[in-house]
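Below is one structure, written out as structure tokens; the observations come after it.
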Amino acid sequence: MTKDQVPVLVIGAGPVGCFIAYRLAKAGIPVRIFEKESAIPNTPRAVGYYGATQVVFQECGLYDHIRAKGFMTSGLCWRTLPIDDGQGGKRLGKIIAAQPLCDPNDPIKACPSGLLNLRQSELTSLILHEALETGNAMIQFNSELAGILEEEDGVTIKFKNTDLSPVTGCYVVGADGGRSKTRKLIGTPCLGHTWPERLISTDVILENHVDPVFHTCFIIGTQNYTIMTPLTVPVIGEKSLWRCTIAIPPEDKRSDDELLKDYVIHGLYEQVISGPRPLQAKVSAKAIYRIHQRLVPTMRKGRCVLAGDAAHMNNPYGAMGLNTGILDGDALAEALIMILNEGRSDDILTSYSDARRKVFQYFVDPTTTANKLRLHLPSETAAEDDDYLRSLQSLTPEALEKGAKPYFETWRTDIRAVAKEAGL
């Protein structure tokens, strides 16, 4: 590394990029983040963080900050469509199965139990703030990547805005999402398939009429299968913000713009949201997404390394996308710390790529695929037709512990142990 080089250049100021920058900056490694947008995006995206991710946040000093800004819920459930309440409105559909992530009566929900909830945009801003506070991180907005030139002793990035000077670093981290320019510039395809449905993701203000115990719920038995999850603490009798993401079947040929019209969204709400009628629902944000199951053949090309959606994408129903990205970031940041602070071989980056691809291939991809497919089951028979839902009918503490094990031991990568096994 020469005196003019920045050790690590991070492309993308999403939660994964900011998390990697935070970890590196906290370890004393200078890092610069480049984001093509003018600010952190506020579109409806991820919201919930499972136990393994909570542990990562706790170990690096972020958990208490996130917990203070967010809130906890007890688990997930699967329901039928809302049912007529006999008074012109609709009540919550019947619970088909429930997956507790802690004791629902536990008021504390200490790490790593429960589901930690905080909108992605707020999480990103929080992590970025903590990264900048170290004094070792900088961010530059309005900086769209246009070129990557790798040489023997470093890698230079160029920008679409020619007024911005090229920057040279030792390593480049591509954490710039599913449409990653980094991935395209290093010539790495993202292989797999795109599901035929589209998703309308909305943030909506609703009054809370009942306490459902398991606030995050999947509504099945309809072509418009849906997930509802709270974005702010739901209090009975008060209004709060919810995420409502609704699937649009492939035979619906309306354009994205048409589907995002208020009358279309409110028509879908009538089917999937419970409560008195006329339904009082105010949309505060909305977006259309496609559903992908894709993985790159390598997450490392020379001095460039990918993480998060830049490397892999999966069905978002089940909240495994951003969690997987943060766990990528955990492993990659530790690998770069080993290389830059401890003088270890950068072959560790190849081990990182191999390990995280394996996690996606053998755990994340099949799990998220199953998460989607069970939403297509008839609600009347889903509890028997699906092995996972069937297993939730007779839960024991032993069964819960066994089911949780891969979400801690397989999902997260101990990169130091991987490097040791590889003799690095």
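Numbering starts fresh at 1 for the residues of each chain in the structure tokens, the chains themselves are lettered A, B, ... in the order given, and ligands are numbered from 1 as they appear.
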Skip Pro15 in chain A itself and residues of its chain fewer than 3 positions away, then list as a list in words all residues within 9 Å of it, counting only C-alpha atoms.
Gly12, Cys18, Phe19, Ile20, Gln120, Ser121, Leu123, Thr124, Ser125, Ile127, Leu128, Ala175, Leu322, Gly325 and Ile326 of chain A
Neighbouring residues of Asp309 in chain A were defined as those with any atom within 9 Å, considering only C-alpha atoms; residues of the same chain fewer than 6 positions away were excluded. Please report them as JSON, numbers by chain.
{"A": [16, 175, 176, 177, 178, 179, 180, 295, 321, 322, 324, 325]}
Give one line per residue of range 295-343 of chain A that approaches range 354-366 of chain A to at most 10 Å, naming the two atoms of the closest pair and their distance in Å to one decimal, counting only C-alpha atoms; sort by chain then ascending residue number and deliver it as CSV.
```
residue,atom,partner,partner_atom,distance
A:Leu295,CA,A:Arg357,CA,7.6
A:Val296,CA,A:Arg357,CA,8.0
A:Pro297,CA,A:Arg357,CA,8.1
A:Thr298,CA,A:Asp354,CA,7.4
A:Met299,CA,A:Arg357,CA,7.6
A:Arg300,CA,A:Asp354,CA,9.1
A:Ala307,CA,A:Arg356,CA,9.1
A:Ala311,CA,A:Arg357,CA,8.6
A:His312,CA,A:Phe360,CA,7.7
A:Met313,CA,A:Asp365,CA,8.6
A:Asn314,CA,A:Asp365,CA,6.6
A:Asn315,CA,A:Asp365,CA,8.5
A:Met320,CA,A:Val364,CA,7.4
A:Gly321,CA,A:Val364,CA,8.6
A:Thr324,CA,A:Val364,CA,7.8
A:Gly325,CA,A:Arg356,CA,9.9
A:Leu327,CA,A:Arg356,CA,8.9
A:Asp328,CA,A:Arg356,CA,6.7
A:Ala331,CA,A:Arg356,CA,8.4
A:Leu332,CA,A:Arg356,CA,9.4
```
Output N, CA and C atoms for every residue in the selection just made, as a PDB file, in the first residue's frame.
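Everything below was put into again29.pdb:
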```
ATOM      1  N   LEU A 295     -26.956 -16.082  -7.413  1.00  0.00           N
ATOM      2  CA  LEU A 295     -25.665 -16.135  -6.724  1.00  0.00           C
ATOM      3  C   LEU A 295     -24.542 -15.990  -7.746  1.00  0.00           C
ATOM      4  N   VAL A 296     -23.523 -15.219  -7.380  1.00  0.00           N
ATOM      5  CA  VAL A 296     -22.356 -15.081  -8.263  1.00  0.00           C
ATOM      6  C   VAL A 296     -21.482 -16.334  -8.163  1.00  0.00           C
ATOM      7  N   PRO A 297     -20.726 -16.663  -9.243  1.00  0.00           N
ATOM      8  CA  PRO A 297     -19.831 -17.814  -9.178  1.00  0.00           C
ATOM      9  C   PRO A 297     -18.606 -17.577  -8.308  1.00  0.00           C
ATOM     10  N   THR A 298     -18.288 -16.321  -8.032  1.00  0.00           N
ATOM     11  CA  THR A 298     -17.235 -15.984  -7.072  1.00  0.00           C
ATOM     12  C   THR A 298     -17.543 -14.613  -6.494  1.00  0.00           C
ATOM     13  N   MET A 299     -17.203 -14.422  -5.219  1.00  0.00           N
ATOM     14  CA  MET A 299     -17.399 -13.133  -4.565  1.00  0.00           C
ATOM     15  C   MET A 299     -16.093 -12.345  -4.502  1.00  0.00           C
ATOM     16  N   ARG A 300     -15.041 -12.881  -5.165  1.00  0.00           N
ATOM     17  CA  ARG A 300     -13.752 -12.201  -5.161  1.00  0.00           C
ATOM     18  C   ARG A 300     -13.119 -12.257  -6.549  1.00  0.00           C
ATOM     19  N   ALA A 307     -20.248  -8.244  -1.452  1.00  0.00           N
ATOM     20  CA  ALA A 307     -20.981  -8.613  -0.235  1.00  0.00           C
ATOM     21  C   ALA A 307     -22.446  -8.225  -0.385  1.00  0.00           C
ATOM     22  N   ALA A 311     -23.777  -9.822  -4.333  1.00  0.00           N
ATOM     23  CA  ALA A 311     -23.274 -11.181  -4.545  1.00  0.00           C
ATOM     24  C   ALA A 311     -24.375 -12.219  -4.641  1.00  0.00           C
ATOM     25  N   HIS A 312     -25.508 -11.965  -4.023  1.00  0.00           N
ATOM     26  CA  HIS A 312     -26.589 -12.951  -3.998  1.00  0.00           C
ATOM     27  C   HIS A 312     -27.905 -12.272  -3.663  1.00  0.00           C
ATOM     28  N   MET A 313     -28.995 -12.835  -4.187  1.00  0.00           N
ATOM     29  CA  MET A 313     -30.326 -12.301  -3.918  1.00  0.00           C
ATOM     30  C   MET A 313     -31.280 -13.454  -3.654  1.00  0.00           C
ATOM     31  N   ASN A 314     -32.253 -13.219  -2.793  1.00  0.00           N
ATOM     32  CA  ASN A 314     -33.206 -14.271  -2.454  1.00  0.00           C
ATOM     33  C   ASN A 314     -34.577 -13.688  -2.164  1.00  0.00           C
ATOM     34  N   ASN A 315     -35.592 -14.561  -2.178  1.00  0.00           N
ATOM     35  CA  ASN A 315     -36.941 -14.168  -1.807  1.00  0.00           C
ATOM     36  C   ASN A 315     -36.922 -13.438  -0.462  1.00  0.00           C
ATOM     37  N   MET A 320     -34.490 -12.843   5.259  1.00  0.00           N
ATOM     38  CA  MET A 320     -33.147 -13.413   5.274  1.00  0.00           C
ATOM     39  C   MET A 320     -32.165 -12.669   4.366  1.00  0.00           C
ATOM     40  N   GLY A 321     -32.645 -11.697   3.590  1.00  0.00           N
ATOM     41  CA  GLY A 321     -31.765 -11.000   2.665  1.00  0.00           C
ATOM     42  C   GLY A 321     -30.750 -10.121   3.364  1.00  0.00           C
ATOM     43  N   THR A 324     -28.464 -11.913   5.837  1.00  0.00           N
ATOM     44  CA  THR A 324     -27.352 -12.598   5.182  1.00  0.00           C
ATOM     45  C   THR A 324     -26.271 -11.602   4.780  1.00  0.00           C
ATOM     46  N   GLY A 325     -26.688 -10.419   4.314  1.00  0.00           N
ATOM     47  CA  GLY A 325     -25.725  -9.389   3.938  1.00  0.00           C
ATOM     48  C   GLY A 325     -24.889  -8.918   5.118  1.00  0.00           C
ATOM     49  N   LEU A 327     -24.210 -10.652   7.757  1.00  0.00           N
ATOM     50  CA  LEU A 327     -23.317 -11.759   8.107  1.00  0.00           C
ATOM     51  C   LEU A 327     -22.176 -11.879   7.104  1.00  0.00           C
ATOM     52  N   ASP A 328     -22.420 -11.556   5.824  1.00  0.00           N
ATOM     53  CA  ASP A 328     -21.316 -11.399   4.864  1.00  0.00           C
ATOM     54  C   ASP A 328     -20.347 -10.338   5.367  1.00  0.00           C
ATOM     55  N   ALA A 331     -18.034 -11.353   8.191  1.00  0.00           N
ATOM     56  CA  ALA A 331     -16.912 -12.199   7.770  1.00  0.00           C
ATOM     57  C   ALA A 331     -15.895 -11.412   6.941  1.00  0.00           C
ATOM     58  N   LEU A 332     -16.395 -10.576   6.013  1.00  0.00           N
ATOM     59  CA  LEU A 332     -15.485  -9.839   5.134  1.00  0.00           C
ATOM     60  C   LEU A 332     -14.680  -8.801   5.905  1.00  0.00           C
TER      61      LEU A 332
END
```
Return as a PyMOL selection string the full set of residues in range 295-362 of chain A whose backbone-based DSSP assignment is strand (DSSP E).
chain A and resi 295+300-301+304-306+312-313
Same residues, C-alpha atoms, saved as a short mmCIF file (atom, residue, chain, number, x, y, z; two decimals), in the first residue's frame:
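Okay, selection-v5.cif is ready:
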```cif
data_model
loop_
_atom_site.label_atom_id
_atom_site.label_comp_id
_atom_site.auth_asym_id
_atom_site.auth_seq_id
_atom_site.Cartn_x
_atom_site.Cartn_y
_atom_site.Cartn_z
CA LEU A 295 -25.66 -16.14 -6.72
CA ARG A 300 -13.75 -12.20 -5.16
CA LYS A 301 -11.98 -10.99 -8.29
CA CYS A 304 -12.38 -6.54 -5.56
CA VAL A 305 -14.76 -8.34 -3.20
CA LEU A 306 -18.57 -8.48 -3.17
CA HIS A 312 -26.59 -12.95 -4.00
CA MET A 313 -30.33 -12.30 -3.92
#
```
Find the residues around range 143-152 of chain A up to 8 Å (only C-alpha atoms counted), leave out those fewer than 3 positions away in its own chain, and share them as number ranges by chain.
A: 11, 34-37, 140, 155-161, 164, 181-182, 185-186, 302-303
What lies within 10 Å of Ile66 in chain A using only C-alpha atoms, ignoring chain neighbours under 3 positions off, as a list in words?
Gln54, Phe57, Gln58, Gly61, Leu62, Tyr63, Lys69, Gly70, Phe71, Leu116, Asn117, Leu118, Glu122, Leu123, Leu126 and Ile127 of chain A
Can you tell me how far CA of His209 in chain A sits from CA of Gly48 in chain A, in Å to one decimal?
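Value for the CA of His209 in chain A-CA of Gly48 in chain A distance: 22.5 Å.
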List every residue of range 20-248 of chain A that DSSP, applied to the backbone of this structure, assigns to alpha helix (DSSP H), and report them as JSON, numbers by chain.
{"A": [20, 21, 22, 23, 24, 25, 26, 51, 52, 53, 54, 55, 56, 57, 58, 59, 63, 64, 65, 66, 67, 68, 69, 120, 121, 122, 123, 124, 125, 126, 127, 128, 129, 130, 131, 132, 133, 181, 182, 183, 184, 185]}
Could you save those same residues with N, CA and C atoms as a compact mmCIF listing (two decimals), in the first residue's frame?
```
# COMPACT_ATOMS: atom_id res chain seq x y z
N ILE A 20 -19.62 -2.75 7.01
CA ILE A 20 -18.23 -3.11 6.75
C ILE A 20 -17.32 -1.92 7.05
N ALA A 21 -17.73 -0.74 6.61
CA ALA A 21 -16.93 0.47 6.88
C ALA A 21 -16.80 0.71 8.37
N TYR A 22 -17.89 0.50 9.12
CA TYR A 22 -17.84 0.69 10.57
C TYR A 22 -16.85 -0.26 11.22
N ARG A 23 -16.95 -1.55 10.85
CA ARG A 23 -16.04 -2.55 11.44
C ARG A 23 -14.59 -2.21 11.15
N LEU A 24 -14.29 -1.82 9.92
CA LEU A 24 -12.92 -1.50 9.55
C LEU A 24 -12.44 -0.24 10.25
N ALA A 25 -13.28 0.79 10.23
CA ALA A 25 -12.90 2.06 10.85
C ALA A 25 -12.67 1.89 12.34
N LYS A 26 -13.49 1.08 12.97
CA LYS A 26 -13.33 0.84 14.41
C LYS A 26 -12.01 0.12 14.71
N GLY A 51 -31.45 -13.65 15.55
CA GLY A 51 -30.49 -13.83 16.62
C GLY A 51 -29.03 -13.73 16.21
N ALA A 52 -28.64 -14.40 15.12
CA ALA A 52 -27.23 -14.38 14.71
C ALA A 52 -26.77 -12.96 14.38
N THR A 53 -27.64 -12.19 13.73
CA THR A 53 -27.32 -10.81 13.40
C THR A 53 -27.26 -9.96 14.66
N GLN A 54 -28.15 -10.22 15.59
CA GLN A 54 -28.11 -9.50 16.87
C GLN A 54 -26.77 -9.73 17.57
N VAL A 55 -26.28 -10.96 17.55
CA VAL A 55 -25.00 -11.29 18.18
C VAL A 55 -23.87 -10.51 17.52
N VAL A 56 -23.88 -10.45 16.18
CA VAL A 56 -22.86 -9.69 15.46
C VAL A 56 -22.91 -8.22 15.87
N PHE A 57 -24.12 -7.65 15.93
CA PHE A 57 -24.26 -6.25 16.35
C PHE A 57 -23.75 -6.06 17.79
N GLN A 58 -24.04 -7.01 18.64
CA GLN A 58 -23.61 -6.90 20.04
C GLN A 58 -22.09 -6.95 20.15
N GLU A 59 -21.46 -7.86 19.43
CA GLU A 59 -20.01 -8.03 19.51
C GLU A 59 -19.25 -6.80 19.04
N TYR A 63 -25.31 -3.09 19.06
CA TYR A 63 -26.61 -3.63 19.45
C TYR A 63 -27.41 -2.66 20.32
N ASP A 64 -26.78 -2.09 21.34
CA ASP A 64 -27.53 -1.21 22.26
C ASP A 64 -28.08 0.01 21.53
N HIS A 65 -27.34 0.54 20.57
CA HIS A 65 -27.82 1.69 19.80
C HIS A 65 -29.04 1.30 18.96
N ILE A 66 -28.95 0.12 18.32
CA ILE A 66 -30.06 -0.33 17.46
C ILE A 66 -31.27 -0.67 18.31
N ARG A 67 -31.03 -1.32 19.44
CA ARG A 67 -32.14 -1.70 20.34
C ARG A 67 -32.85 -0.45 20.86
N ALA A 68 -32.09 0.59 21.18
CA ALA A 68 -32.68 1.82 21.71
C ALA A 68 -33.54 2.52 20.65
N LYS A 69 -33.16 2.40 19.39
CA LYS A 69 -33.90 3.07 18.32
C LYS A 69 -35.02 2.19 17.79
N GLN A 120 -34.67 -0.39 7.53
CA GLN A 120 -33.34 -0.43 6.94
C GLN A 120 -32.73 0.96 6.82
N SER A 121 -33.51 1.94 6.42
CA SER A 121 -32.98 3.30 6.25
C SER A 121 -32.48 3.85 7.59
N GLU A 122 -33.20 3.58 8.67
CA GLU A 122 -32.78 4.05 9.99
C GLU A 122 -31.56 3.29 10.47
N LEU A 123 -31.53 1.97 10.23
CA LEU A 123 -30.37 1.17 10.60
C LEU A 123 -29.13 1.68 9.88
N THR A 124 -29.25 1.94 8.58
CA THR A 124 -28.11 2.41 7.78
C THR A 124 -27.59 3.73 8.30
N SER A 125 -28.49 4.67 8.57
CA SER A 125 -28.08 5.98 9.07
C SER A 125 -27.37 5.86 10.41
N LEU A 126 -27.87 4.97 11.26
CA LEU A 126 -27.26 4.76 12.57
C LEU A 126 -25.84 4.20 12.43
N ILE A 127 -25.69 3.17 11.60
CA ILE A 127 -24.36 2.55 11.43
C ILE A 127 -23.39 3.53 10.78
N LEU A 128 -23.87 4.27 9.78
CA LEU A 128 -23.01 5.27 9.12
C LEU A 128 -22.53 6.31 10.12
N HIS A 129 -23.44 6.78 10.96
CA HIS A 129 -23.06 7.77 11.98
C HIS A 129 -21.94 7.22 12.87
N GLU A 130 -22.10 5.98 13.33
CA GLU A 130 -21.09 5.39 14.20
C GLU A 130 -19.76 5.20 13.48
N ALA A 131 -19.82 4.88 12.18
CA ALA A 131 -18.59 4.74 11.40
C ALA A 131 -17.86 6.08 11.29
N LEU A 132 -18.61 7.13 10.97
CA LEU A 132 -18.00 8.45 10.82
C LEU A 132 -17.44 8.96 12.14
N GLU A 133 -18.07 8.58 13.25
CA GLU A 133 -17.61 9.02 14.57
C GLU A 133 -16.22 8.50 14.91
N LYS A 181 -23.05 -2.23 -9.81
CA LYS A 181 -22.15 -1.80 -10.88
C LYS A 181 -20.78 -2.43 -10.68
N THR A 182 -20.39 -2.62 -9.42
CA THR A 182 -19.11 -3.27 -9.14
C THR A 182 -19.08 -4.66 -9.75
N ARG A 183 -20.14 -5.42 -9.52
CA ARG A 183 -20.23 -6.78 -10.04
C ARG A 183 -20.12 -6.79 -11.57
N LYS A 184 -20.78 -5.85 -12.20
CA LYS A 184 -20.75 -5.80 -13.66
C LYS A 184 -19.37 -5.42 -14.18
N LEU A 185 -18.72 -4.47 -13.52
CA LEU A 185 -17.42 -4.00 -13.98
C LEU A 185 -16.34 -5.06 -13.83
```
Using only C-alpha atoms for the distances, tell me which of A:Gly135, A:Pro230, A:Gly192, A:Pro100 is nearest to Arg119 in chain A.
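Comparing A:Gly135, A:Pro230, A:Gly192, A:Pro100 against Arg119 in chain A, the winner is A:Pro230.
We find CA of Pro316 in chain A and CA of Thr43 in chain A to be spaced 14.7 Å apart.
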Near Glu258 in chain A, counting only C-alpha atoms, which residues have an atom at most 12 Å away, once you skip same-chain residues fewer than 5 positions from it, shown as a list in words?
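Once the adjacent positions are removed, what remains is Ile200, Asp252, Lys253, Tyr263, Val264, Ile265, Ala287 and Ile288 of chain A.
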Could you give me, as an mmCIF file with C-alpha atoms, in the first residue's frame, the residues within 12 Å of Leu424 in chain A, counting only C-alpha atoms and dropping anything in the same chain fewer than 2 positions from it?
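Saved as around22.cif:
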```cif
data_model
loop_
_atom_site.group_PDB
_atom_site.id
_atom_site.type_symbol
_atom_site.label_atom_id
_atom_site.label_comp_id
_atom_site.auth_asym_id
_atom_site.auth_seq_id
_atom_site.Cartn_x
_atom_site.Cartn_y
_atom_site.Cartn_z
ATOM 1 C CA ALA A 335 -10.925 -10.954 6.787
ATOM 2 C CA MET A 338 -6.615 -9.889 9.353
ATOM 3 C CA ILE A 339 -4.980 -8.835 6.072
ATOM 4 C CA GLU A 342 -2.126 -8.471 10.953
ATOM 5 C CA GLY A 343 -0.268 -8.920 7.681
ATOM 6 C CA ARG A 344 -2.065 -12.128 6.762
ATOM 7 C CA SER A 345 -2.277 -13.422 3.176
ATOM 8 C CA ASP A 346 -5.105 -11.969 1.126
ATOM 9 C CA ASP A 347 -5.908 -15.520 0.044
ATOM 10 C CA ILE A 348 -8.264 -15.200 3.006
ATOM 11 C CA LEU A 349 -10.553 -13.276 0.636
ATOM 12 C CA THR A 350 -10.866 -16.370 -1.537
ATOM 13 C CA SER A 351 -11.735 -18.386 1.576
ATOM 14 C CA TYR A 352 -14.350 -15.736 2.418
ATOM 15 C CA ILE A 415 -13.636 -16.514 9.052
ATOM 16 C CA ARG A 416 -10.737 -16.979 11.452
ATOM 17 C CA ALA A 417 -11.610 -20.646 11.834
ATOM 18 C CA VAL A 418 -12.011 -20.941 8.035
ATOM 19 C CA ALA A 419 -8.578 -19.341 7.483
ATOM 20 C CA LYS A 420 -6.981 -21.607 10.059
ATOM 21 C CA GLU A 421 -8.429 -24.700 8.407
ATOM 22 C CA ALA A 422 -7.068 -23.470 5.061
#
```
With distances taken over only C-alpha atoms, which residue among A:Ile236, A:Cys244, A:Leu336, A:Ile219 lies nearest Ala97 in chain A?
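Selected residue with least distance to Ala97 in chain A: A:Ile219.
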Kindly give the distance, in Å, that separates CA of Pro378 in chain A and CA of Ile83 in chain A, rounded to a single decimal.
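That distance, rounded to one decimal, is 15.6 Å.
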Counting only C-alpha atoms, what is within 9 Å of range 393-405 of chain A, bar same-chain residues fewer than 4 positions away, as a ChimeraX atom specification?
/A:96-101,383,389,409-410
Could the residues in this selection be written to a file with C-alpha atoms, as an mmCIF file, in the first residue's frame?
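File produced: again.cif:
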```
data_model
loop_
_atom_site.group_PDB
_atom_site.id
_atom_site.type_symbol
_atom_site.label_atom_id
_atom_site.label_comp_id
_atom_site.auth_asym_id
_atom_site.auth_seq_id
_atom_site.Cartn_x
_atom_site.Cartn_y
_atom_site.Cartn_z
ATOM 1 C CA ILE A 96 -52.154 -21.769 10.760
ATOM 2 C CA ALA A 97 -48.783 -22.016 12.551
ATOM 3 C CA ALA A 98 -46.501 -19.850 14.666
ATOM 4 C CA GLN A 99 -42.717 -19.685 15.034
ATOM 5 C CA PRO A 100 -41.800 -18.172 18.402
ATOM 6 C CA LEU A 101 -38.351 -16.607 18.590
ATOM 7 C CA ALA A 383 -50.347 -27.045 8.250
ATOM 8 C CA LEU A 389 -45.474 -25.742 9.307
ATOM 9 C CA GLU A 409 -23.956 -22.102 13.456
ATOM 10 C CA THR A 410 -24.441 -22.362 9.672
#
```
Here is a test: counting only C-alpha atoms, which residue of A:Trp411, A:Asn371, A:Leu340, A:Gly174 is nearest to Ile33 in chain A?
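Nearest to Ile33 in chain A: A:Gly174.
For the set A:Ala310, A:Val167, A:Leu392, A:Ala110, the residue with the smallest atom-to-atom gap to Pro7 in chain A is A:Val167, counting only C-alpha atoms.
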